[in-house]
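Peer 1: Structure in structure tokens, see below.
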Amino acid sequence: MEDVRQYMQSIGKQARAASRLMAQADTNAKNSALLAIADAILHSSATLVTENSKDVAAAKANGLDAASVDRLTLTEKTIGGMVEGLRQIAQLADPIGEISDMKYRPSGIQVGKMRVPLGVIGIIYESRPNVTADAAGLCLKSGNACILRGGSEALHSNQAIAACVRAGLKAAGLPETAVQVVNTTDRAAVGELITMTAYVDVIVPRGGKELIERISNEARIPVIKHLHGVCHVYIDDDADIAKAIRIADNAKTHRYGVCNAMETLLVNANVAAKVLPELCKIYLDKGVELRGDDASRKLVPQMKAATEEDWHTEYLAPILSIRVVADLDAAIAHIDTYGSQHTDSIVTENYTKAMRFLREVDSSSVMVNASTRFADGFEYGLGAEIGISTDKIHARGPVGLEGLTSQKYIVLGNGQVRV
């Protein structure tokens with residue numbers, strides 16, 4: 001335990017020192033590092049797959065669930081996504097040093113705001129090794145240093161990606177300690193990281209509800225988080241039925257083990273008979289277990305009866321809850337009661353209803369005529385995301401570059417004194 005504490009303290013000190021250098025780094029140096037990291041990952045793709053296969057084999061041997069194994073697995077496509085994400089971040093405008101809202105005051109001074117890095121960001125995540133590249137890229141471009149603690153199940157994958165990150169930082173003349181990946185699987189390292197107030201400014205947990213609840217409860221450092229993703233699609237009686245079926249199918253079956261997958265489908269009673277038989281046949285053909293209320297089960301007898309707990313549940317699996325609702329008010333009330341303020345979508349051709357849904361649904365992403373699967377930093381043009389925040393202070397929704405910065409007031413004067 002003492003060794004872990006000393007190790008984490010050492011990492012913290014190095015991160016704090018590196019954060020000061022990163023805050024001074026110019027845009028060209030940061031972009032050069034991002035492109036060099038992307039190239040290193042691309043050229044090391046065979047090594048990454050080999051190292052990842054060790055993690056996947058061990059995960060399966062240890063009985064890790066299918067959704068977690070899916071998130072853990074690196075493929076040619078996911079490696080290409082990491083590379084593209086880093087290159088996209090390099091193309092984004094550098095937020096650091098941006099000055100806004102400059103106004104003259106009666107005293108003659110000018111008052112405005114300047115965007116600045118947060119400092120040192122600790123990121124704790126499970127399964128997904130691509131988070132290592134995404135987090136490194138976003139923290140780097142936003143002028144922060146970061147300490148990354150991936151899950152023990154992805155140790156080989158994360159260390160292989162970390163080697164690419166260090167090579168890119170070195171090539172650009174930036175401190176390699178700006179991105180440090182914790183190399184111990186000892187859980188005590190997490191306890192140290194979330195209490196190192198002298199070295200870490202913000203904690204971002206990415207993973208299951210149990211992990212995030214633990215971090216939220218024990219951290220002595222501000223946390224950017226979402227606990228779970230109980231996402232909804234509401235099919236309105238003014239929906240284009242073909243469009244609704246396509247969206248609802250994609251929102252659930254595109255990928256099951258992700259936080260922006262639909263977990264509950266709400267269907268207006270006036271169109272349920274048109275929508276549910278056809279849509280549920282698609283789900284059943286794909287092996288999705290359906291759990292519905294009485295009205296849904298009358299239309300699709302293969303459904304199991306939904307329990308009260310089902311409406312609260314993030315399945316992260318091929319299971320879907322379905323409820324028939326009277327109208328838009330009932331749909332919004334259901335989302336307000338059971339949702340997790342992550343992502344919710346309405347399918348409708350009625351502009352007034354769409355605008356009501358956008359205004360009244362209190363989630364970090366609210367959509368009209370689109371799959372919930374678009375709630376993602378890459379899809380939003382952020383290059384990548386460090387996580388999704390359902391908090392209402394500082395950052396909300398996919399957290400990209402701006403979410404990893406703060407603002408300070410700046411004052412420009414010409415000898416003014418207060419009288």
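Naming works like this for the structure tokens: A, B, ... for the chains as they're shown, residue 1 at the start of each chain, ligands 1 onward in shown order.
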With a distance cut-off of 9 Å and only C-alpha atoms, select the neighbouring residues of Ile319 (chain A), excluding the residue or stretch itself and same-chain residues fewer than 3 positions from it, and output the selection as a ChimeraX atom specification.
Peer 2: /A:252,256,263,287-291,315-316
Peer 1: Considering only C-alpha atoms, tabulate each residue of region 93-129 of chain A that lies at most 10 Å from region 201-215 of chain A along with its nearest interatomic pair and the corresponding distance in Å to one decimal; arrange the rows by chain and ascending residue number and present them as a Markdown table.
Peer 2:
```
| residue | atom | partner | partner_atom | distance |
| --- | --- | --- | --- | --- |
| A:Leu118 | CA | A:Asp201 | CA | 6.7 |
| A:Gly119 | CA | A:Asp201 | CA | 6.1 |
| A:Val120 | CA | A:Asp201 | CA | 5.4 |
| A:Ile121 | CA | A:Val202 | CA | 5.0 |
| A:Gly122 | CA | A:Ile203 | CA | 4.7 |
| A:Ile123 | CA | A:Val204 | CA | 4.7 |
| A:Ile124 | CA | A:Pro205 | CA | 4.7 |
| A:Tyr125 | CA | A:Arg206 | CA | 4.4 |
| A:Glu126 | CA | A:Gly207 | CA | 5.1 |
| A:Ser127 | CA | A:Gly207 | CA | 7.8 |
| A:Arg128 | CA | A:Gly207 | CA | 8.8 |
```
Peer 1: Write out, as a PDB file, in the first residue's frame, the residues just selected, with N, CA, C and O atoms.
Peer 2:
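Below is the file part15.pdb, written as the result:
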```pdb
ATOM      1  N   LEU A 118      -7.731  23.380 -17.250  1.00  0.00           N
ATOM      2  CA  LEU A 118      -8.106  23.031 -15.878  1.00  0.00           C
ATOM      3  C   LEU A 118      -6.876  22.682 -15.057  1.00  0.00           C
ATOM      4  O   LEU A 118      -6.851  22.914 -13.858  1.00  0.00           O
ATOM      5  N   GLY A 119      -5.856  22.087 -15.687  1.00  0.00           N
ATOM      6  CA  GLY A 119      -4.622  21.738 -14.977  1.00  0.00           C
ATOM      7  C   GLY A 119      -4.270  20.286 -15.134  1.00  0.00           C
ATOM      8  O   GLY A 119      -3.758  19.868 -16.175  1.00  0.00           O
ATOM      9  N   VAL A 120      -4.550  19.469 -14.116  1.00  0.00           N
ATOM     10  CA  VAL A 120      -4.297  18.025 -14.166  1.00  0.00           C
ATOM     11  C   VAL A 120      -5.640  17.309 -14.059  1.00  0.00           C
ATOM     12  O   VAL A 120      -6.403  17.538 -13.124  1.00  0.00           O
ATOM     13  N   ILE A 121      -5.901  16.441 -15.013  1.00  0.00           N
ATOM     14  CA  ILE A 121      -7.165  15.712 -15.061  1.00  0.00           C
ATOM     15  C   ILE A 121      -6.892  14.227 -14.837  1.00  0.00           C
ATOM     16  O   ILE A 121      -6.078  13.618 -15.535  1.00  0.00           O
ATOM     17  N   GLY A 122      -7.545  13.656 -13.845  1.00  0.00           N
ATOM     18  CA  GLY A 122      -7.448  12.221 -13.585  1.00  0.00           C
ATOM     19  C   GLY A 122      -8.634  11.515 -14.218  1.00  0.00           C
ATOM     20  O   GLY A 122      -9.776  11.885 -13.994  1.00  0.00           O
ATOM     21  N   ILE A 123      -8.357  10.507 -15.039  1.00  0.00           N
ATOM     22  CA  ILE A 123      -9.427   9.799 -15.750  1.00  0.00           C
ATOM     23  C   ILE A 123      -9.366   8.319 -15.389  1.00  0.00           C
ATOM     24  O   ILE A 123      -8.322   7.671 -15.533  1.00  0.00           O
ATOM     25  N   ILE A 124     -10.479   7.807 -14.899  1.00  0.00           N
ATOM     26  CA  ILE A 124     -10.573   6.413 -14.460  1.00  0.00           C
ATOM     27  C   ILE A 124     -11.613   5.734 -15.338  1.00  0.00           C
ATOM     28  O   ILE A 124     -12.759   6.193 -15.418  1.00  0.00           O
ATOM     29  N   TYR A 125     -11.230   4.669 -16.019  1.00  0.00           N
ATOM     30  CA  TYR A 125     -12.142   4.077 -16.994  1.00  0.00           C
ATOM     31  C   TYR A 125     -11.985   2.560 -17.032  1.00  0.00           C
ATOM     32  O   TYR A 125     -10.997   2.000 -16.575  1.00  0.00           O
ATOM     33  N   GLU A 126     -13.001   1.906 -17.585  1.00  0.00           N
ATOM     34  CA  GLU A 126     -13.032   0.456 -17.676  1.00  0.00           C
ATOM     35  C   GLU A 126     -13.089   0.029 -19.135  1.00  0.00           C
ATOM     36  O   GLU A 126     -13.647   0.723 -19.978  1.00  0.00           O
ATOM     37  N   SER A 127     -12.538  -1.104 -19.416  1.00  0.00           N
ATOM     38  CA  SER A 127     -12.717  -1.835 -20.675  1.00  0.00           C
ATOM     39  C   SER A 127     -12.172  -1.126 -21.916  1.00  0.00           C
ATOM     40  O   SER A 127     -11.250  -1.636 -22.551  1.00  0.00           O
ATOM     41  N   ARG A 128     -12.718   0.022 -22.289  1.00  0.00           N
ATOM     42  CA  ARG A 128     -12.404   0.610 -23.596  1.00  0.00           C
ATOM     43  C   ARG A 128     -10.983   1.174 -23.665  1.00  0.00           C
ATOM     44  O   ARG A 128     -10.720   2.264 -23.173  1.00  0.00           O
TER      45      ARG A 128
END
```
Peer 1: Of the residues A:Ala219, A:Leu299, A:Cys259, A:Ala46, which is the one nearest to Val271 (chain A), using only C-alpha atoms?
Peer 2: A:Leu299
Peer 1: With only C-alpha atoms as the atoms that count, which of A:Asp94, A:Asp344, A:Glu51, A:Asp39 lies nearest to Gln159 (chain A)?
Peer 2: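 Going through A:Asp94, A:Asp344, A:Glu51, A:Asp39 one by one, the smallest distance to Gln159 (chain A) is for A:Glu51.
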Peer 1: Region 130-160 of chain A near region 61-82 of chain A within 7 Å: what's each residue's closest atom pair and its distance in Å to one decimal, counting only C-alpha atoms, ordered by chain then ascending residue number, as a tab-separated table?
Peer 2:
```
residue	atom	partner	partner_atom	distance
A:Asn130	CA	A:Met82	CA	6.3
A:Ala133	CA	A:Met82	CA	6.3
A:Asp134	CA	A:Met82	CA	6.7
A:Ala154	CA	A:Leu72	CA	6.8
```
Peer 1: I'd like the neighbourhood of Ser142 (chain A) as a list in words, where a residue qualifies if any of its atoms comes within 8 Å (using only C-alpha atoms), though same-chain residues fewer than 3 positions away should be ignored.
Peer 2: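 What passes the distance filter is Asp94, Pro95, Ile96, Pro117, Leu138, Cys139, Leu401, Glu402, Leu404 and Thr405 of chain A.
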Peer 1: Could you write out, as a list in words, all the residues of region 196-262 of chain A that DSSP marks as strand (DSSP E)?
Peer 2: Val202, Ile203, Val204, Pro205, Arg206, Cys231, His232, Val233, Tyr234, Ile235 and Met262 of chain A
Peer 1: Could you save the residues just selected, with N, CA, C and O atoms, as a short mmCIF file (atom, residue, chain, number, x, y, z; two decimals), in the first residue's frame?
Peer 2:
```
data_model
loop_
_atom_site.label_atom_id
_atom_site.label_comp_id
_atom_site.auth_asym_id
_atom_site.auth_seq_id
_atom_site.Cartn_x
_atom_site.Cartn_y
_atom_site.Cartn_z
N VAL A 202 -9.37 17.76 -11.48
CA VAL A 202 -10.68 17.21 -11.86
C VAL A 202 -10.54 15.71 -12.06
O VAL A 202 -9.52 15.23 -12.56
N ILE A 203 -11.58 14.95 -11.68
CA ILE A 203 -11.64 13.51 -11.93
C ILE A 203 -12.77 13.23 -12.92
O ILE A 203 -13.87 13.78 -12.78
N VAL A 204 -12.49 12.38 -13.89
CA VAL A 204 -13.51 11.95 -14.84
C VAL A 204 -13.59 10.43 -14.81
O VAL A 204 -12.67 9.75 -15.29
N PRO A 205 -14.64 9.84 -14.23
CA PRO A 205 -14.80 8.39 -14.26
C PRO A 205 -15.61 7.96 -15.47
O PRO A 205 -16.62 8.57 -15.81
N ARG A 206 -15.15 6.91 -16.14
CA ARG A 206 -15.89 6.34 -17.27
C ARG A 206 -16.01 4.84 -17.05
O ARG A 206 -14.99 4.15 -16.96
N CYS A 231 -31.72 5.71 -21.90
CA CYS A 231 -32.08 6.58 -23.02
C CYS A 231 -33.41 6.13 -23.63
O CYS A 231 -33.71 4.94 -23.69
N HIS A 232 -34.19 7.11 -24.09
CA HIS A 232 -35.53 6.84 -24.64
C HIS A 232 -35.64 7.34 -26.07
O HIS A 232 -35.03 8.35 -26.44
N VAL A 233 -36.48 6.64 -26.84
CA VAL A 233 -37.00 7.16 -28.10
C VAL A 233 -38.52 7.17 -27.97
O VAL A 233 -39.12 6.16 -27.58
N TYR A 234 -39.13 8.33 -28.26
CA TYR A 234 -40.59 8.44 -28.25
C TYR A 234 -41.08 8.58 -29.68
O TYR A 234 -40.67 9.52 -30.40
N ILE A 235 -41.94 7.65 -30.13
CA ILE A 235 -42.53 7.71 -31.46
C ILE A 235 -43.90 8.36 -31.32
O ILE A 235 -44.83 7.80 -30.73
N MET A 262 -30.62 3.07 -26.89
CA MET A 262 -31.96 3.18 -26.32
C MET A 262 -32.24 1.99 -25.42
O MET A 262 -31.99 0.85 -25.78
#
```
Peer 1: With only C-alpha atoms as the basis for distance, which of A:Ala269, A:Ile109, A:Ile41, A:Leu169 is at the shortest distance from Lys141 (chain A)?
Peer 2: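 Closest candidate: A:Leu169.
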Peer 1: Could you list, as a PDB file with C-alpha atoms, in the first residue's frame, every residue within 7 Å of region 357-372 of chain A, counting only C-alpha atoms and ignoring same-chain residues fewer than 5 positions away?
Peer 2:
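Saved file out-v6.pdb follows:
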```pdb
ATOM      1  CA  ILE A 247     -34.445   5.240 -35.945  1.00  0.00           C
ATOM      2  CA  ALA A 248     -35.763   2.973 -33.191  1.00  0.00           C
ATOM      3  CA  ASN A 250     -30.688   1.766 -34.926  1.00  0.00           C
ATOM      4  CA  ALA A 251     -30.962   3.313 -31.466  1.00  0.00           C
ATOM      5  CA  ASN A 260     -26.249   6.040 -25.690  1.00  0.00           C
ATOM      6  CA  ALA A 261     -28.187   2.941 -26.773  1.00  0.00           C
ATOM      7  CA  MET A 262     -31.962   3.180 -26.325  1.00  0.00           C
ATOM      8  CA  ILE A 332     -42.252  13.511 -21.206  1.00  0.00           C
ATOM      9  CA  GLN A 341     -30.739  12.841 -18.146  1.00  0.00           C
ATOM     10  CA  HIS A 342     -28.408  11.316 -20.732  1.00  0.00           C
ATOM     11  CA  THR A 343     -30.050  11.233 -24.197  1.00  0.00           C
ATOM     12  CA  ASP A 344     -33.661  11.183 -25.345  1.00  0.00           C
ATOM     13  CA  SER A 345     -35.189  11.477 -28.821  1.00  0.00           C
ATOM     14  CA  ILE A 346     -38.601  12.192 -30.345  1.00  0.00           C
ATOM     15  CA  VAL A 347     -39.685  11.039 -33.796  1.00  0.00           C
ATOM     16  CA  THR A 348     -42.321  13.430 -35.157  1.00  0.00           C
ATOM     17  CA  THR A 390     -25.210  14.666 -16.973  1.00  0.00           C
ATOM     18  CA  ARG A 396     -22.900  18.903 -19.795  1.00  0.00           C
ATOM     19  CA  GLY A 397     -23.272  16.295 -22.543  1.00  0.00           C
TER      20      GLY A 397
END
```
Peer 1: Could you check the closest approach to Lys225 (chain A) for each of A:His254, A:Lys392, A:Arg356, A:Arg187 and tell me which residue wins, using only C-alpha atoms?
Peer 2: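 Using only C-alpha atoms, Lys225 (chain A) sits closest to A:Lys392.
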Peer 1: Applying 7 Å and only C-alpha atoms, which residues near Asn158 (chain A) remain after dropping the ones on its own chain fewer than 4 positions away? List them as a list in words.
Peer 2: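 Contacts, in chain order: Pro129, Thr132, Gly150, Ala154 and Ala162 of chain A.
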Peer 1: What lies within 10 Å of Glu98 (chain A) using only C-alpha atoms, ignoring chain neighbours under 2 positions off, as a list in words?
Peer 2: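 So the residues in contact are Ala93, Asp94, Pro95, Ile96, Ser100, Lys113, Met114, Arg115, Val116 and Gln407 of chain A.
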Peer 1: Could you write those residues out with C-alpha atoms, as a PDB file, in the first residue's frame?
Peer 2:
```pdb
ATOM      1  CA  ALA A  93      -9.527  25.516 -33.009  1.00  0.00           C
ATOM      2  CA  ASP A  94      -7.329  25.786 -29.931  1.00  0.00           C
ATOM      3  CA  PRO A  95      -9.530  27.181 -27.148  1.00  0.00           C
ATOM      4  CA  ILE A  96      -6.657  28.168 -24.857  1.00  0.00           C
ATOM      5  CA  SER A 100     -14.301  36.877 -25.052  1.00  0.00           C
ATOM      6  CA  LYS A 113     -12.740  36.394 -19.972  1.00  0.00           C
ATOM      7  CA  MET A 114      -9.848  34.203 -21.084  1.00  0.00           C
ATOM      8  CA  ARG A 115     -10.121  30.448 -21.588  1.00  0.00           C
ATOM      9  CA  VAL A 116      -7.509  28.458 -19.655  1.00  0.00           C
ATOM     10  CA  GLN A 407     -12.385  30.783 -17.815  1.00  0.00           C
TER      11      GLN A 407
END
```
Peer 1: Closest to Asn31 (chain A) among A:Ser53, A:Gln302, A:Thr253, A:Gln91, using only C-alpha atoms?
Peer 2: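 Closest to Asn31 (chain A) of all the choices is A:Gln91.
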Peer 1: State, in Å with one decimal place, the distance from CA of Thr352 (chain A) to CA of Val230 (chain A).
Peer 2: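 Computed distance, CA of Thr352 (chain A) to CA of Val230 (chain A), equals 25.1 Å.
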Peer 1: Out of A:Met22, A:Val399, A:Met196, A:Leu48, which residue has the shortest atom-to-atom distance to Val179 (chain A) when counting only C-alpha atoms?
Peer 2: A:Met22
Peer 1: Could you pull out the residues in region 105-255 of chain A that DSSP calls alpha helix (DSSP H) from the backbone, as a PDB file with C-alpha atoms, in the first residue's frame?
Peer 2:
```
ATOM      1  CA  ASN A 130      -9.544   3.631 -27.128  1.00  0.00           C
ATOM      2  CA  VAL A 131     -10.297   5.985 -24.228  1.00  0.00           C
ATOM      3  CA  THR A 132      -6.543   6.152 -23.639  1.00  0.00           C
ATOM      4  CA  ALA A 133      -6.012   7.814 -27.021  1.00  0.00           C
ATOM      5  CA  ASP A 134      -9.156   9.955 -26.888  1.00  0.00           C
ATOM      6  CA  ALA A 135      -8.412  11.259 -23.395  1.00  0.00           C
ATOM      7  CA  ALA A 136      -4.751  11.905 -24.160  1.00  0.00           C
ATOM      8  CA  GLY A 137      -5.645  13.843 -27.305  1.00  0.00           C
ATOM      9  CA  LEU A 138      -8.313  16.016 -25.719  1.00  0.00           C
ATOM     10  CA  CYS A 139      -6.266  16.780 -22.614  1.00  0.00           C
ATOM     11  CA  LEU A 140      -3.222  17.589 -24.738  1.00  0.00           C
ATOM     12  CA  LYS A 141      -5.058  19.975 -27.091  1.00  0.00           C
ATOM     13  CA  LEU A 155      -3.578  -3.309 -19.071  1.00  0.00           C
ATOM     14  CA  HIS A 156      -1.639  -4.596 -22.110  1.00  0.00           C
ATOM     15  CA  SER A 157      -3.725  -2.561 -24.559  1.00  0.00           C
ATOM     16  CA  ASN A 158      -3.460   0.660 -22.570  1.00  0.00           C
ATOM     17  CA  GLN A 159       0.293   0.389 -22.082  1.00  0.00           C
ATOM     18  CA  ALA A 160       0.778  -0.220 -25.824  1.00  0.00           C
ATOM     19  CA  ILE A 161      -1.253   2.898 -26.652  1.00  0.00           C
ATOM     20  CA  ALA A 162       0.607   4.839 -23.937  1.00  0.00           C
ATOM     21  CA  ALA A 163       3.906   4.034 -25.668  1.00  0.00           C
ATOM     22  CA  CYS A 164       2.539   5.645 -28.852  1.00  0.00           C
ATOM     23  CA  VAL A 165       1.433   8.712 -26.882  1.00  0.00           C
ATOM     24  CA  ARG A 166       4.850   9.137 -25.277  1.00  0.00           C
ATOM     25  CA  ALA A 167       6.540   8.828 -28.674  1.00  0.00           C
ATOM     26  CA  GLY A 168       4.298  11.544 -30.110  1.00  0.00           C
ATOM     27  CA  LEU A 169       4.868  13.925 -27.201  1.00  0.00           C
ATOM     28  CA  LYS A 170       8.612  13.417 -27.416  1.00  0.00           C
ATOM     29  CA  ALA A 171       8.628  14.034 -31.170  1.00  0.00           C
ATOM     30  CA  ALA A 188      -5.522   1.310  -4.066  1.00  0.00           C
ATOM     31  CA  ALA A 189      -4.154   3.439  -6.917  1.00  0.00           C
ATOM     32  CA  VAL A 190      -7.688   4.698  -7.607  1.00  0.00           C
ATOM     33  CA  GLY A 191      -8.172   5.652  -3.958  1.00  0.00           C
ATOM     34  CA  GLU A 192      -4.960   7.668  -4.084  1.00  0.00           C
ATOM     35  CA  LEU A 193      -5.764   9.349  -7.392  1.00  0.00           C
ATOM     36  CA  LYS A 209     -22.567   2.645 -12.400  1.00  0.00           C
ATOM     37  CA  GLU A 210     -20.777   0.923  -9.514  1.00  0.00           C
ATOM     38  CA  LEU A 211     -17.427   2.491 -10.430  1.00  0.00           C
ATOM     39  CA  ILE A 212     -18.886   5.964 -10.916  1.00  0.00           C
ATOM     40  CA  GLU A 213     -20.853   5.843  -7.666  1.00  0.00           C
ATOM     41  CA  ARG A 214     -17.702   4.833  -5.792  1.00  0.00           C
ATOM     42  CA  ILE A 215     -15.684   7.658  -7.325  1.00  0.00           C
ATOM     43  CA  SER A 216     -18.442  10.206  -6.685  1.00  0.00           C
ATOM     44  CA  ASN A 217     -18.768   9.156  -3.055  1.00  0.00           C
ATOM     45  CA  GLU A 218     -15.061   8.941  -2.211  1.00  0.00           C
ATOM     46  CA  ILE A 241     -43.623   5.519 -39.524  1.00  0.00           C
ATOM     47  CA  ALA A 242     -40.827   4.285 -41.799  1.00  0.00           C
ATOM     48  CA  LYS A 243     -38.472   6.879 -40.347  1.00  0.00           C
ATOM     49  CA  ALA A 244     -39.511   5.956 -36.802  1.00  0.00           C
ATOM     50  CA  ILE A 245     -38.850   2.245 -37.333  1.00  0.00           C
ATOM     51  CA  ARG A 246     -35.427   2.932 -38.813  1.00  0.00           C
ATOM     52  CA  ILE A 247     -34.445   5.240 -35.945  1.00  0.00           C
ATOM     53  CA  ALA A 248     -35.763   2.973 -33.191  1.00  0.00           C
ATOM     54  CA  ASP A 249     -34.024  -0.059 -34.702  1.00  0.00           C
ATOM     55  CA  ASN A 250     -30.688   1.766 -34.926  1.00  0.00           C
ATOM     56  CA  ALA A 251     -30.962   3.313 -31.466  1.00  0.00           C
ATOM     57  CA  LYS A 252     -31.226  -0.148 -29.907  1.00  0.00           C
ATOM     58  CA  THR A 253     -29.399  -2.609 -32.148  1.00  0.00           C
TER      59      THR A 253
END
```
